[in-house]
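Trainee: Please see the structure below; I have some questions.
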Amino acid sequence: MTRTEQIAIGLGELIGAEVRITGMASVGAQRATFFIDILDGTSTTPAVAQVSASVLGSVPASAEAAMLRLAEQVGVPVPDVIAVSDDLPGVGAPALVVSRIEGRTVPRHILRGLTDEAAGESLARQCGEALARLHTIGEAQAPASLPRLSHTAYVDDLEAKLDALDDVRPAVRAGLAWLRANPIPEAPITLVHADFRNGNMIVDDNGLAAVLDWELAQVTDPMQDLAWMCLRTWRFGNDAKPVGGFGSVAALRSGYEAAGGSWRADAIHWWSVARCAWWAIGLAGQAAAFTSGLTDAIMLAASGRRVPELEYDLLRLIADGPAD
């Protein structure tokens with residue numbers, strides 16, 4: 001029996017109905033995403049199932065389901081949770097089943113589907129509004145299993161991950177030194193998606209239809225989400241439009257503040273440096289897993305070529321300083 005067949009049977013046991021896997025949406029470093037049909041008598045329900053590569057996922061599937069429900073309550077567009085398991089029967093890995101929402105998810109498809117500049121600006125405002133609503137979920141409401149991170153703890157974690165690599169990466173070292181030398185005031189911490197960007201959302205003809213992929217979520221400074229959304233690596237060549245390659249920072253800020261968010265430019269710049277360093281370390285770690293023989297995944301091997309791009313962006317961010 002193939003792993004795909006095992007997953008289909010496990011999902012059927014979890015949901016209590018026959019499940020057919022009709023396609024694969026994506027295969028990421030951490031988990032695979034499947035299109036499925038749930039067959040219950042005479043009805044067929046299209047859905048999406050995400051199955052982690054192992055039990056070592058960043059966030060338990062049950063916590064991710066809880067976040068989706070919380071986000072929906074505060075007005076963030078998300079799929080409905082159908083079923084969840086931290087140990088899918090017969091598979092032994094976390095799984096989450098959600099409703100299928102029609103729209104575009106591939107970044108270049110999203111960019112091509114925007115009819116004009118106004119559509120891109122509208123999408124950027126919608127992203128700002130969604131993040132502001134998400135950030136109303138405070139520490140007490142967020143799932144207890146999520147990490148709680150101060151600025152100092154975040155840099156400490158980055159340094160530990162960098163120390164674990166055999167690669168020296170002096171540009172990343174310089175970035176961590178800059179973060180320590182330029183501290184920003186701690187602020188009330190909230191639920192943070194930590195991976196909301198072009199590529200982790202569904203966009204339809206009306207704009208933002210759903211926010212996806214919550215497995216990196218944490219409880220920390222909400223400005224991290226705004227910084228991550230605007231990194232150059234997520235613009236897909238449209239560098240003149242900092243928000244996902246489709247909109248302006250002004251539009252993102254307008255939506256964020258209109259929905260009640262408090263914009264802190266100095267903190268967004270600090271987090272831009274921090275997340276740029278985080279991504280460079282992460283990509284270097286993925287490449288190291290391949291070169292050391294821990295995996296034969298060519299996707300992880302290719303990650304190494306992108307590390308210099310992040311180091312360049314990191315040094316530019318340090319040199320340019322924060323924007324207003």
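Labels for the structure tokens follow display order: chains A, B, ..., residues from 1 in each chain, ligands from 1.
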Got a sec: who's within 7 Å of Thr220 (chain A), counting only C-alpha atoms, leaving out chain neighbours fewer than 3 positions off, as a PyMOL selection string?
Mentor: chain A and resi 148-150+189-192
Trainee: Please identify all polymer residues within 8 Å of Leu176 (chain A), counting only C-alpha atoms, omitting same-chain residues fewer than 2 positions from it, and present them as a short mmCIF file (atom, residue, chain, number, x, y, z; two decimals) with N, CA, C and O atoms, in the first residue's frame.
Mentor:
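After the write, around13.cif holds the following:
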data_model
loop_
_atom_site.label_atom_id
_atom_site.label_comp_id
_atom_site.auth_asym_id
_atom_site.auth_seq_id
_atom_site.Cartn_x
_atom_site.Cartn_y
_atom_site.Cartn_z
N VAL A 155 16.08 36.59 19.05
CA VAL A 155 17.47 36.67 18.57
C VAL A 155 18.30 35.54 19.16
O VAL A 155 19.15 34.95 18.47
N LEU A 158 17.65 32.58 17.07
CA LEU A 158 18.35 32.68 15.79
C LEU A 158 19.83 32.33 15.94
O LEU A 158 20.41 31.61 15.12
N GLU A 159 20.45 32.86 16.99
CA GLU A 159 21.87 32.63 17.19
C GLU A 159 22.15 31.15 17.44
O GLU A 159 23.13 30.59 16.93
N VAL A 172 25.03 37.05 8.07
CA VAL A 172 23.95 36.77 9.02
C VAL A 172 24.41 37.10 10.43
O VAL A 172 23.65 37.65 11.24
N ARG A 173 25.68 36.80 10.76
CA ARG A 173 26.22 37.19 12.06
C ARG A 173 26.12 38.69 12.26
O ARG A 173 25.76 39.18 13.34
N ALA A 174 26.42 39.44 11.19
CA ALA A 174 26.32 40.90 11.27
C ALA A 174 24.88 41.33 11.53
O ALA A 174 24.62 42.28 12.28
N TRP A 178 23.49 43.44 14.70
CA TRP A 178 22.70 44.67 14.53
C TRP A 178 21.42 44.62 15.34
O TRP A 178 21.04 45.60 15.98
N LEU A 179 20.77 43.48 15.35
CA LEU A 179 19.53 43.33 16.13
C LEU A 179 19.78 43.56 17.61
O LEU A 179 18.99 44.22 18.29
N ARG A 180 20.88 43.05 18.11
CA ARG A 180 21.19 43.24 19.53
C ARG A 180 21.61 44.68 19.83
O ARG A 180 21.32 45.21 20.91
N ALA A 274 15.22 40.82 11.34
CA ALA A 274 15.15 39.55 12.07
C ALA A 274 14.62 38.42 11.18
O ALA A 274 15.18 37.32 11.16
N ALA A 277 17.10 37.39 8.48
CA ALA A 277 18.12 36.52 9.06
C ALA A 277 17.54 35.12 9.31
O ALA A 277 18.19 34.10 9.04
#
Trainee: Restricting the calculation to only C-alpha atoms: of A:Pro147, A:Gly16, A:Gly247, A:Pro94, which residue gets closest to Ser62 (chain A)?
Mentor: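 Closest to Ser62 (chain A), using only C-alpha atoms: A:Pro94.
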Trainee: Just the residues within 9 Å of Phe34 (chain A), please, counting only C-alpha atoms, with nothing from its chain fewer than 4 positions along; format it as a PyMOL selection string.
Mentor: chain A and resi 21-27+47-51
Trainee: Once DSSP has gone over the backbone, tell me which residues of region 138-272 of chain A are in strand (DSSP E), as a count of residues only.
Mentor: 15
Trainee: Restricting the calculation to only C-alpha atoms: of A:Ala142, A:Ile101, A:Leu226, A:Ala132, which residue gets closest to Gly260 (chain A)?
Mentor: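 Using only C-alpha atoms, the shortest distance to Gly260 (chain A) belongs to A:Ala132.
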Trainee: Excluding Val97 (chain A) and its own-chain neighbours fewer than 3 positions away, which residues fall within 10 Å of it when counting only C-alpha atoms? Please give them as a PyMOL selection string.
Mentor: chain A and resi 11+14-15+33-36+47-51+61+65+79-85+100
